[in-house]
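Here is final.cif, consisting of mmCIF, C-alpha atoms:
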```cif
data_structure
loop_
_atom_site.group_PDB
_atom_site.id
_atom_site.type_symbol
_atom_site.label_atom_id
_atom_site.label_comp_id
_atom_site.auth_asym_id
_atom_site.auth_seq_id
_atom_site.Cartn_x
_atom_site.Cartn_y
_atom_site.Cartn_z
ATOM 1 C CA MET A 1 12.537 -14.083 30.552
ATOM 2 C CA PRO A 2 10.896 -11.819 27.996
ATOM 3 C CA ASP A 3 8.738 -13.359 25.290
ATOM 4 C CA ILE A 4 10.648 -13.733 22.069
ATOM 5 C CA PHE A 5 7.611 -14.079 19.881
ATOM 6 C CA ILE A 6 4.101 -12.923 20.620
ATOM 7 C CA SER A 7 1.674 -14.027 17.940
ATOM 8 C CA ASP A 8 -0.659 -11.472 16.508
ATOM 9 C CA LYS A 9 -4.178 -12.413 17.626
ATOM 10 C CA LYS A 10 -5.640 -10.989 14.435
ATOM 11 C CA GLU A 11 -3.333 -13.125 12.297
ATOM 12 C CA GLU A 12 -4.199 -16.136 14.441
ATOM 13 C CA LEU A 13 -7.884 -15.571 13.792
ATOM 14 C CA LEU A 14 -7.357 -15.465 10.061
ATOM 15 C CA GLU A 15 -5.327 -18.658 10.243
ATOM 16 C CA LYS A 16 -8.279 -20.409 11.879
ATOM 17 C CA PRO A 17 -11.258 -19.289 9.837
ATOM 18 C CA THR A 18 -13.090 -22.575 10.523
ATOM 19 C CA GLU A 19 -13.777 -21.404 14.056
ATOM 20 C CA ILE A 20 -15.185 -18.184 12.686
ATOM 21 C CA LEU A 21 -17.304 -20.053 10.167
ATOM 22 C CA GLU A 22 -18.792 -22.278 12.858
ATOM 23 C CA HIS A 23 -19.686 -19.276 14.973
ATOM 24 C CA PRO A 24 -20.075 -16.336 12.588
ATOM 25 C CA PRO A 25 -19.283 -13.090 14.357
ATOM 26 C CA THR A 26 -22.010 -10.549 14.876
ATOM 27 C CA GLY A 27 -22.069 -6.911 15.901
ATOM 28 C CA LYS A 28 -18.822 -5.395 17.149
ATOM 29 C CA ALA A 29 -16.999 -8.763 17.150
ATOM 30 C CA ARG A 30 -17.114 -8.693 13.365
ATOM 31 C CA HIS A 31 -15.276 -5.345 13.310
ATOM 32 C CA LYS A 32 -12.300 -6.879 15.120
ATOM 33 C CA LEU A 33 -11.800 -9.546 12.466
ATOM 34 C CA PRO A 34 -8.599 -9.318 10.437
ATOM 35 C CA GLY A 35 -9.290 -8.304 6.876
ATOM 36 C CA HIS A 36 -12.603 -6.698 7.881
ATOM 37 C CA ARG A 37 -12.742 -3.279 6.231
ATOM 38 C CA HIS A 38 -15.218 -0.434 6.264
ATOM 39 C CA ASN A 39 -13.761 1.078 3.126
ATOM 40 C CA PRO A 40 -16.221 0.366 0.282
ATOM 41 C CA LEU A 41 -13.272 0.472 -2.128
ATOM 42 C CA ALA A 42 -11.389 -2.316 -0.306
ATOM 43 C CA ALA A 43 -10.261 -5.176 -2.533
ATOM 44 C CA PHE A 44 -10.270 -7.779 0.259
ATOM 45 C CA CYS A 45 -13.014 -7.593 2.842
ATOM 46 C CA TYR A 46 -13.647 -10.366 5.352
ATOM 47 C CA TYR A 47 -17.225 -10.537 6.636
ATOM 48 C CA PRO A 48 -18.122 -7.216 4.992
ATOM 49 C CA ASP A 49 -20.985 -5.111 6.314
ATOM 50 C CA GLY A 50 -24.054 -4.301 4.279
ATOM 51 C CA ILE A 51 -23.218 -6.326 1.176
ATOM 52 C CA ASN A 52 -26.127 -7.390 -0.943
ATOM 53 C CA PHE A 53 -26.289 -8.892 -4.405
ATOM 54 C CA GLU A 54 -29.126 -9.832 -6.714
ATOM 55 C CA THR A 55 -29.199 -13.587 -6.071
ATOM 56 C CA LYS A 56 -28.397 -13.532 -2.355
ATOM 57 C CA ASP A 57 -30.655 -15.559 -0.069
ATOM 58 C CA LYS A 58 -31.892 -13.950 3.115
ATOM 59 C CA LYS A 59 -30.061 -16.416 5.353
ATOM 60 C CA GLU A 60 -26.895 -16.451 3.293
ATOM 61 C CA LYS A 61 -23.874 -14.803 4.917
ATOM 62 C CA VAL A 62 -21.208 -13.052 2.851
ATOM 63 C CA VAL A 63 -17.835 -14.289 4.053
ATOM 64 C CA LEU A 64 -15.511 -12.552 1.625
ATOM 65 C CA LEU A 65 -15.735 -9.783 -0.951
ATOM 66 C CA LEU A 66 -12.915 -9.607 -3.480
ATOM 67 C CA ARG A 67 -11.914 -7.254 -6.249
ATOM 68 C CA LYS A 68 -8.806 -6.985 -8.361
ATOM 69 C CA HIS A 69 -5.888 -5.591 -6.373
ATOM 70 C CA PRO A 70 -5.918 -1.743 -6.525
ATOM 71 C CA ILE A 71 -2.426 -1.804 -8.037
ATOM 72 C CA THR A 72 -3.962 -3.233 -11.246
ATOM 73 C CA ASN A 73 -5.572 0.195 -11.755
ATOM 74 C CA ILE A 74 -2.219 1.947 -12.161
ATOM 75 C CA PRO A 75 -1.959 1.572 -16.007
ATOM 76 C CA TRP A 76 -5.304 3.263 -16.716
ATOM 77 C CA ILE A 77 -4.674 5.907 -14.024
ATOM 78 C CA ILE A 78 -1.398 6.844 -15.764
ATOM 79 C CA ILE A 79 -3.184 7.024 -19.132
ATOM 80 C CA ALA A 80 -5.908 9.198 -17.526
ATOM 81 C CA ILE A 81 -3.297 11.597 -16.095
ATOM 82 C CA VAL A 82 -1.632 11.857 -19.520
ATOM 83 C CA MET A 83 -5.050 12.522 -21.090
ATOM 84 C CA LEU A 84 -5.821 15.206 -18.487
ATOM 85 C CA PHE A 85 -2.594 17.094 -19.175
ATOM 86 C CA ALA A 86 -2.486 16.472 -22.941
ATOM 87 C CA PRO A 87 -4.390 19.665 -23.960
ATOM 88 C CA ALA A 88 -2.094 21.817 -21.797
ATOM 89 C CA VAL A 89 1.044 20.177 -23.229
ATOM 90 C CA LEU A 90 -0.209 20.111 -26.818
ATOM 91 C CA GLY A 91 -1.295 23.762 -26.452
ATOM 92 C CA SER A 92 2.314 24.683 -27.224
ATOM 93 C CA PHE A 93 1.955 23.032 -30.650
ATOM 94 C CA PRO A 94 -0.424 24.583 -33.177
ATOM 95 C CA ILE A 95 -2.314 21.356 -33.950
ATOM 96 C CA LEU A 96 -5.787 22.918 -33.868
ATOM 97 C CA SER A 97 -4.753 26.365 -35.048
ATOM 98 C CA PHE A 98 -6.558 25.935 -38.394
ATOM 99 C CA LEU A 99 -9.874 25.873 -36.459
ATOM 100 C CA PRO A 100 -11.734 28.993 -35.293
ATOM 101 C CA GLU A 101 -11.330 29.687 -31.555
ATOM 102 C CA SER A 102 -14.852 28.526 -30.700
ATOM 103 C CA PHE A 103 -14.195 25.138 -32.366
ATOM 104 C CA GLN A 104 -10.859 24.838 -30.562
ATOM 105 C CA PHE A 105 -12.611 25.456 -27.245
ATOM 106 C CA VAL A 106 -15.330 22.861 -27.912
ATOM 107 C CA ALA A 107 -12.646 20.379 -29.078
ATOM 108 C CA VAL A 108 -10.792 20.752 -25.753
ATOM 109 C CA ILE A 109 -14.023 20.388 -23.726
ATOM 110 C CA GLY A 110 -14.873 17.324 -25.861
ATOM 111 C CA TRP A 111 -11.459 15.864 -25.053
ATOM 112 C CA TYR A 112 -12.122 16.252 -21.322
ATOM 113 C CA LEU A 113 -15.513 14.628 -21.856
ATOM 114 C CA ILE A 114 -13.831 11.577 -23.388
ATOM 115 C CA THR A 115 -11.291 11.577 -20.545
ATOM 116 C CA THR A 116 -14.132 11.589 -17.990
ATOM 117 C CA ALA A 117 -15.791 8.657 -19.762
ATOM 118 C CA PHE A 118 -12.491 6.761 -19.837
ATOM 119 C CA ILE A 119 -11.964 7.255 -16.092
ATOM 120 C CA LEU A 120 -15.569 6.405 -15.268
ATOM 121 C CA GLU A 121 -15.590 3.226 -17.364
ATOM 122 C CA ASN A 122 -12.359 1.919 -15.902
ATOM 123 C CA PHE A 123 -13.380 2.733 -12.352
ATOM 124 C CA LEU A 124 -16.819 1.124 -12.756
ATOM 125 C CA SER A 125 -15.270 -1.934 -14.354
ATOM 126 C CA TRP A 126 -12.902 -2.364 -11.375
ATOM 127 C CA PHE A 127 -15.479 -1.512 -8.737
ATOM 128 C CA PHE A 128 -18.303 -3.762 -9.906
ATOM 129 C CA ASN A 129 -16.358 -6.800 -11.161
ATOM 130 C CA VAL A 130 -16.275 -8.666 -7.873
ATOM 131 C CA ASN A 131 -15.945 -12.154 -6.521
ATOM 132 C CA ILE A 132 -17.997 -13.065 -3.491
ATOM 133 C CA LEU A 133 -17.698 -16.032 -1.175
ATOM 134 C CA THR A 134 -20.707 -16.764 0.975
ATOM 135 C CA ASP A 135 -21.193 -19.623 3.424
ATOM 136 C CA GLU A 136 -23.064 -21.443 0.631
ATOM 137 C CA ARG A 137 -21.657 -20.305 -2.712
ATOM 138 C CA ALA A 138 -18.860 -18.747 -4.695
ATOM 139 C CA VAL A 139 -20.227 -15.943 -6.860
ATOM 140 C CA ASP A 140 -18.496 -14.272 -9.788
ATOM 141 C CA ILE A 141 -19.995 -10.977 -10.995
ATOM 142 C CA ASP A 142 -18.612 -9.689 -14.304
ATOM 143 C CA PHE A 143 -19.533 -6.637 -16.301
ATOM 144 C CA HIS A 144 -17.687 -7.137 -19.576
ATOM 145 C CA ASN A 145 -18.699 -3.813 -21.067
ATOM 146 C CA LEU A 146 -21.498 -1.338 -20.779
ATOM 147 C CA ILE A 147 -24.259 -3.674 -21.831
ATOM 148 C CA TYR A 148 -23.106 -7.187 -20.932
ATOM 149 C CA LYS A 149 -23.466 -8.621 -17.459
ATOM 150 C CA GLU A 150 -22.529 -12.135 -16.338
ATOM 151 C CA VAL A 151 -23.300 -13.478 -12.884
ATOM 152 C CA SER A 152 -22.249 -17.058 -12.235
ATOM 153 C CA ASP A 153 -22.161 -18.999 -9.023
ATOM 154 C CA THR A 154 -21.425 -22.457 -7.761
ATOM 155 C CA LYS A 155 -22.291 -24.166 -4.528
ATOM 156 C CA ILE A 156 -19.370 -24.662 -2.181
ATOM 157 C CA GLU A 157 -20.087 -28.412 -2.109
ATOM 158 C CA ASN A 158 -19.526 -28.559 -5.906
ATOM 159 C CA ILE A 159 -15.986 -27.258 -5.626
ATOM 160 C CA GLN A 160 -13.495 -29.969 -6.449
ATOM 161 C CA ASP A 161 -10.184 -28.224 -6.758
ATOM 162 C CA VAL A 162 -8.747 -24.860 -5.757
ATOM 163 C CA THR A 163 -5.492 -23.626 -7.267
ATOM 164 C CA TYR A 164 -3.842 -20.276 -6.790
ATOM 165 C CA LYS A 165 -1.024 -18.770 -8.778
ATOM 166 C CA MET A 166 1.302 -15.946 -7.871
ATOM 167 C CA GLY A 167 4.157 -15.045 -10.162
ATOM 168 C CA GLY A 168 6.158 -12.053 -11.233
ATOM 169 C CA VAL A 169 7.821 -9.237 -9.368
ATOM 170 C CA ILE A 170 4.834 -6.914 -9.002
ATOM 171 C CA ARG A 171 2.510 -9.705 -7.866
ATOM 172 C CA THR A 172 5.006 -10.919 -5.293
ATOM 173 C CA ILE A 173 5.654 -7.418 -3.935
ATOM 174 C CA PHE A 174 1.967 -6.555 -3.626
ATOM 175 C CA ASN A 175 0.840 -10.075 -2.718
ATOM 176 C CA TYR A 176 -1.825 -10.711 -5.295
ATOM 177 C CA GLY A 177 -2.542 -13.454 -7.812
ATOM 178 C CA ASP A 178 -5.114 -15.623 -9.536
ATOM 179 C CA LEU A 179 -7.310 -18.274 -7.972
ATOM 180 C CA HIS A 180 -8.812 -21.020 -10.132
ATOM 181 C CA ILE A 181 -11.742 -23.036 -8.870
ATOM 182 C CA GLN A 182 -12.774 -26.250 -10.591
ATOM 183 C CA THR A 183 -16.263 -27.444 -9.936
ATOM 184 C CA ALA A 184 -18.499 -30.402 -10.641
ATOM 185 C CA ALA A 185 -21.253 -28.049 -11.779
ATOM 186 C CA GLU A 186 -22.222 -27.037 -15.299
ATOM 187 C CA GLN A 187 -19.770 -24.171 -15.331
ATOM 188 C CA ARG A 188 -16.538 -26.072 -14.812
ATOM 189 C CA GLU A 189 -14.186 -23.263 -13.897
ATOM 190 C CA PHE A 190 -14.241 -20.071 -11.922
ATOM 191 C CA ASP A 191 -11.388 -17.627 -12.119
ATOM 192 C CA PHE A 192 -10.787 -14.992 -9.474
ATOM 193 C CA LEU A 193 -8.185 -12.864 -11.216
ATOM 194 C CA ALA A 194 -5.562 -10.586 -9.616
ATOM 195 C CA ILE A 195 -7.127 -10.861 -6.161
ATOM 196 C CA PRO A 196 -5.216 -9.833 -3.036
ATOM 197 C CA LYS A 197 -3.919 -12.590 -0.697
ATOM 198 C CA PRO A 198 -4.917 -15.579 -2.883
ATOM 199 C CA ASP A 199 -3.339 -17.965 -0.347
ATOM 200 C CA ARG A 200 -5.701 -16.767 2.375
ATOM 201 C CA VAL A 201 -8.672 -16.901 0.026
ATOM 202 C CA ALA A 202 -7.779 -20.502 -0.852
ATOM 203 C CA LYS A 203 -7.569 -21.319 2.868
ATOM 204 C CA ILE A 204 -10.936 -19.724 3.584
ATOM 205 C CA LEU A 205 -12.423 -21.619 0.634
ATOM 206 C CA GLN A 206 -11.021 -24.909 1.935
ATOM 207 C CA ASP A 207 -12.502 -24.172 5.356
ATOM 208 C CA LEU A 208 -15.872 -23.371 3.827
ATOM 209 C CA LEU A 209 -15.681 -26.699 2.025
ATOM 210 C CA THR A 210 -14.818 -28.522 5.263
ATOM 211 C CA GLU A 211 -17.679 -26.754 7.031
ATOM 212 C CA GLU A 212 -20.063 -27.755 4.235
ATOM 213 C CA GLU A 213 -18.967 -31.407 4.478
ATOM 214 C CA GLN A 214 -19.411 -31.249 8.253
ATOM 215 C CA GLU A 215 -22.931 -29.934 7.745
ATOM 216 C CA LYS A 216 -23.702 -32.851 5.446
ATOM 217 C CA ILE A 217 -22.391 -35.405 7.928
ATOM 218 C CA GLU A 218 -24.312 -33.852 10.805
ATOM 219 C CA GLY A 219 -27.418 -33.556 8.660
ATOM 220 C CA ARG A 220 -27.640 -29.781 9.036
ATOM 221 C CA VAL A 221 -29.351 -28.666 5.878
ATOM 222 C CA ARG A 222 -29.867 -25.018 4.971
ATOM 223 C CA MET B 1 -13.283 23.619 -49.474
ATOM 224 C CA GLU B 2 -14.014 24.418 -53.095
ATOM 225 C CA PHE B 3 -16.746 21.785 -53.185
ATOM 226 C CA PHE B 4 -18.576 23.489 -50.315
ATOM 227 C CA GLN B 5 -18.186 26.887 -52.005
ATOM 228 C CA ILE B 6 -19.567 25.508 -55.275
ATOM 229 C CA ILE B 7 -22.699 24.129 -53.624
ATOM 230 C CA GLY B 8 -23.042 27.307 -51.557
ATOM 231 C CA LEU B 9 -22.514 25.819 -48.087
ATOM 232 C CA ASP B 10 -20.507 27.333 -45.264
ATOM 233 C CA ILE B 11 -17.942 24.701 -44.200
ATOM 234 C CA TRP B 12 -18.058 25.863 -40.575
ATOM 235 C CA LEU B 13 -21.825 25.447 -40.531
ATOM 236 C CA VAL B 14 -21.358 21.847 -41.695
ATOM 237 C CA ALA B 15 -18.657 21.377 -39.048
ATOM 238 C CA LYS B 16 -20.997 22.825 -36.412
ATOM 239 C CA TYR B 17 -23.767 20.355 -37.239
ATOM 240 C CA LEU B 18 -21.305 17.454 -37.325
ATOM 241 C CA ALA B 19 -19.960 18.486 -33.902
ATOM 242 C CA ILE B 20 -23.489 18.800 -32.515
ATOM 243 C CA PHE B 21 -24.427 15.401 -33.979
ATOM 244 C CA ALA B 22 -21.344 13.836 -32.323
ATOM 245 C CA LEU B 23 -22.230 15.474 -29.000
ATOM 246 C CA VAL B 24 -25.851 14.242 -29.215
ATOM 247 C CA ILE B 25 -24.511 10.695 -29.736
ATOM 248 C CA TYR B 26 -22.181 11.236 -26.770
ATOM 249 C CA ALA B 27 -25.059 12.467 -24.584
ATOM 250 C CA ILE B 28 -26.963 9.251 -25.430
ATOM 251 C CA PHE B 29 -23.844 7.280 -24.461
ATOM 252 C CA ALA B 30 -23.659 9.203 -21.144
ATOM 253 C CA TRP B 31 -27.299 8.313 -20.495
ATOM 254 C CA VAL B 32 -26.534 4.631 -21.232
ATOM 255 C CA VAL B 33 -23.646 4.829 -18.728
ATOM 256 C CA LEU B 34 -26.020 6.225 -16.101
ATOM 257 C CA ARG B 35 -28.507 3.439 -16.824
ATOM 258 C CA GLN B 36 -25.720 0.882 -16.570
ATOM 259 C CA ILE B 37 -24.672 2.322 -13.189
ATOM 260 C CA GLN B 38 -28.274 1.849 -12.067
ATOM 261 C CA LEU B 39 -28.168 -1.808 -13.183
ATOM 262 C CA MET B 40 -24.775 -2.343 -11.550
ATOM 263 C CA THR B 41 -25.909 -0.895 -8.220
ATOM 264 C CA ASP B 42 -29.039 -3.064 -8.388
ATOM 265 C CA THR B 43 -26.851 -6.128 -8.955
ATOM 266 C CA LEU B 44 -24.381 -5.334 -6.197
ATOM 267 C CA GLU B 45 -24.866 -3.126 -3.150
ATOM 268 C CA VAL B 46 -21.752 -2.303 -1.179
ATOM 269 C CA GLY B 47 -22.741 0.976 0.455
ATOM 270 C CA PHE B 48 -21.094 3.228 -2.124
ATOM 271 C CA GLU B 49 -24.044 3.587 -4.475
ATOM 272 C CA THR B 50 -24.722 7.310 -4.020
ATOM 273 C CA PRO B 51 -21.226 8.582 -4.981
ATOM 274 C CA VAL B 52 -21.150 6.225 -7.987
ATOM 275 C CA ARG B 53 -24.575 7.441 -9.150
ATOM 276 C CA LEU B 54 -23.446 11.048 -8.657
ATOM 277 C CA LEU B 55 -20.431 10.339 -10.881
ATOM 278 C CA GLY B 56 -22.763 9.090 -13.607
ATOM 279 C CA ILE B 57 -25.080 12.102 -13.220
ATOM 280 C CA PHE B 58 -22.083 14.477 -13.319
ATOM 281 C CA HIS B 59 -20.908 12.785 -16.537
ATOM 282 C CA LEU B 60 -24.357 13.131 -18.146
ATOM 283 C CA LEU B 61 -24.650 16.792 -17.092
ATOM 284 C CA PHE B 62 -21.144 17.450 -18.435
ATOM 285 C CA ALA B 63 -22.164 15.913 -21.790
ATOM 286 C CA LEU B 64 -25.418 17.922 -21.926
ATOM 287 C CA GLY B 65 -23.566 21.097 -20.887
ATOM 288 C CA THR B 66 -21.028 20.624 -23.683
ATOM 289 C CA LEU B 67 -23.867 20.043 -26.150
ATOM 290 C CA GLY B 68 -25.552 23.249 -25.015
ATOM 291 C CA LEU B 69 -22.267 25.141 -25.210
ATOM 292 C CA ALA B 70 -21.679 23.864 -28.761
ATOM 293 C CA PHE B 71 -25.157 25.132 -29.749
ATOM 294 C CA VAL B 72 -24.400 28.568 -28.353
ATOM 295 C CA ILE B 73 -20.801 29.275 -29.337
ATOM 296 C CA LEU B 74 -20.304 27.378 -32.603
#
```

Once you've parsed the file, please lay out its structure as structure tokens.
Amino acid sequence: MPDIFISDKKEELLEKPTEILEHPPTGKARHKLPGHRHNPLAAFCYYPDGINFETKDKKEKVVLLLRKHPITNIPWIIIAIVMLFAPAVLGSFPILSFLPESFQFVAVIGWYLITTAFILENFLSWFFNVNILTDERAVDIDFHNLIYKEVSDTKIENIQDVTYKMGGVIRTIFNYGDLHIQTAAEQREFDFLAIPKPDRVAKILQDLLTEEEQEKIEGRVR
Amino acid sequence: MEFFQIIGLDIWLVAKYLAIFALVIYAIFAWVVLRQIQLMTDTLEVGFETPVRLLGIFHLLFALGTLGLAFVIL
């Protein structure tokens, strides 16, 4: 009789992250993990390669790298496209006709300069605002604007409550949502906003917590 | 317009210096962006640092190029 259902081994692995956490994959084994990406622009990367951040310990292993879901970039991308085509469209209307030609030319170049800055700022903001889960900590890196940086972290053992929320049509279709972490540390709450697969992140976080408790019981201290 | 004529100033010369002043401020902003990219890549390394830095350098060169162009053609 033919098999009716054959489970996907990759999915199975992601459902049992505790096993992975106990024996972290190395070398090529890591590349076979579900959710492991080589794309540096990936929003969900399980056991990413070559990740380093300012406060990372040498022995610390990065389990998960998260960014906002790429779909959240659509609004600013649309605005950028409109800005790119605006001079061509507005060229039909004599808005700048009172200016000499040289001023009109510099005005258009200046407009593209502002458009470049707009695209760059939004891209950098998406790219560098990340959430990282390591085997020891949850790290939240935020760049609020050009000159303000906030890096906060909490030990896994301080995590008391993990809640994730998914609501709305777009979020359901693209499977992303918010994850709220409550801790016993000084900073009471951590918010991972608009992250892909929040259910899986919550599961991985729970498994990290279990692993940490197991380490305590067995007296394995890192 | 009349005010500028009374004090003997060419309005387009004033406009030129205002435009150049704005572009100098913008070039400083572009440099700050490049510096910020440096800080961001120091904070987080994900293996995409070179293209991001190149974007920042391109933006700064674009700003300086526009400033130079404004000097020449205005």

Inset, instruction - Compute the set of chain A residues within 8 Å of chain B, using only C-alpha atoms, and express it as a list in words. - result: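 Using only C-alpha atoms, chain A residues at most 8 Å from chain B: Pro40, Gly50, Ile51, Asn52, Phe53, Glu54, Ser102, Phe103, Val106, Ile109, Gly110, Leu113, Thr116, Ala117, Leu120, Leu124, Phe128, Leu146 and Ile147 of chain A.
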
Inset, instruction - Have a look at atom CA of A:Lys155 and atom CA of A:Phe44 and let me know their distance in Å, one decimal. - result: 20.9 Å

Inset, instruction - Check the smallest atom-to-atom distance from each of A:Leu179, A:Val169, A:Arg137, A:Ala107 to B:Ile20 using all atoms listed in the file, then report the winner. - result: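 Using all atoms listed in the file, the shortest distance to B:Ile20 belongs to A:Ala107.
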
Close residues, A:Gln182 itself excluded, 7 Å, only C-alpha atoms, min 6 positions apart in chain, as a PDB file with C-alpha atoms, keeping the file's coordinate frame:
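File produced: result08.pdb:
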```pdb
ATOM      1  CA  ILE A 159     -15.986 -27.258  -5.626  1.00  0.00           C
ATOM      2  CA  GLN A 160     -13.495 -29.969  -6.449  1.00  0.00           C
ATOM      3  CA  ASP A 161     -10.184 -28.224  -6.758  1.00  0.00           C
ATOM      4  CA  VAL A 162      -8.747 -24.860  -5.757  1.00  0.00           C
ATOM      5  CA  ARG A 188     -16.538 -26.072 -14.812  1.00  0.00           C
ATOM      6  CA  GLU A 189     -14.186 -23.263 -13.897  1.00  0.00           C
ATOM      7  CA  PHE A 190     -14.241 -20.071 -11.922  1.00  0.00           C
TER       8      PHE A 190
END
```

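Nearest to B:Gly68 of all the residues B:Arg53, B:Trp31, B:Val24, B:Leu9 is B:Val24, based on all atoms listed in the file.
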
Inset, instruction - Measuring atom to atom with all atoms listed in the file, identify which of A:Lys149, A:Lys58, A:Arg200, A:His144 is nearest to A:Tyr164. - result: A:Arg200

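Distance-wise, atom CA of A:Thr210 and atom CA of A:Thr55 end up 23.6 Å apart.
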
Legend entry - atom CA of A:Leu66 to atom CA of A:Asn131, distance in Å rounded to a single decimal: 5.0 Å

Size and centre in Å, one decimal, axis-aligned box, all listed stretch 58-69 of chain B atoms plus 6 Å per side, as JSON:
```
{"center_x": -23.2, "center_y": 19.0, "center_z": -19.7, "size_x": 16.6, "size_y": 24.4, "size_z": 24.8}
```

Inset, instruction - Go through the shown structure with the PyMOL selection byres ((chain A and resi 165) around 12) and write out the matching residues as number ranges by chain. - result: A: 162-164, 166-168, 171-172, 175-181, 191-199, 201-202

Inset, instruction - For the file shown, report as a VMD selection string the outcome of the PyMOL selection byres ((chain A and resi 136) around 8) at residue level. - result: chain A and resid 60 to 61 133 to 135 137 to 138 155 to 156 212

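Here the question is which of A:Met83, A:Ser152, A:Thr72, A:Asp57 gets nearest to A:Ile114 using all atoms listed in the file, and that residue is A:Met83.
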
Keeping C-alpha atoms, write stretch 65-83 of chain A of the structure just shown out as an mmCIF file, in the first residue's frame.
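What landed in part.cif:
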```cif
data_model
loop_
_atom_site.group_PDB
_atom_site.id
_atom_site.type_symbol
_atom_site.label_atom_id
_atom_site.label_comp_id
_atom_site.auth_asym_id
_atom_site.auth_seq_id
_atom_site.Cartn_x
_atom_site.Cartn_y
_atom_site.Cartn_z
ATOM 1 C CA LEU A 65 18.609 35.957 13.077
ATOM 2 C CA LEU A 66 15.375 37.855 12.512
ATOM 3 C CA ARG A 67 14.366 40.975 10.653
ATOM 4 C CA LYS A 68 11.007 42.459 9.809
ATOM 5 C CA HIS A 69 9.262 40.487 7.074
ATOM 6 C CA PRO A 70 10.338 41.804 3.619
ATOM 7 C CA ILE A 71 6.697 42.556 2.804
ATOM 8 C CA THR A 72 6.829 45.405 5.368
ATOM 9 C CA ASN A 73 9.140 47.219 2.925
ATOM 10 C CA ILE A 74 6.443 47.514 0.258
ATOM 11 C CA PRO A 75 5.047 50.946 1.383
ATOM 12 C CA TRP A 76 8.407 52.739 1.169
ATOM 13 C CA ILE A 77 9.312 50.910 -2.067
ATOM 14 C CA ILE A 78 6.090 52.219 -3.663
ATOM 15 C CA ILE A 79 6.863 55.750 -2.440
ATOM 16 C CA ALA A 80 10.422 55.411 -3.836
ATOM 17 C CA ILE A 81 9.092 54.322 -7.252
ATOM 18 C CA VAL A 82 6.699 57.296 -7.288
ATOM 19 C CA MET A 83 9.601 59.595 -6.348
#
```
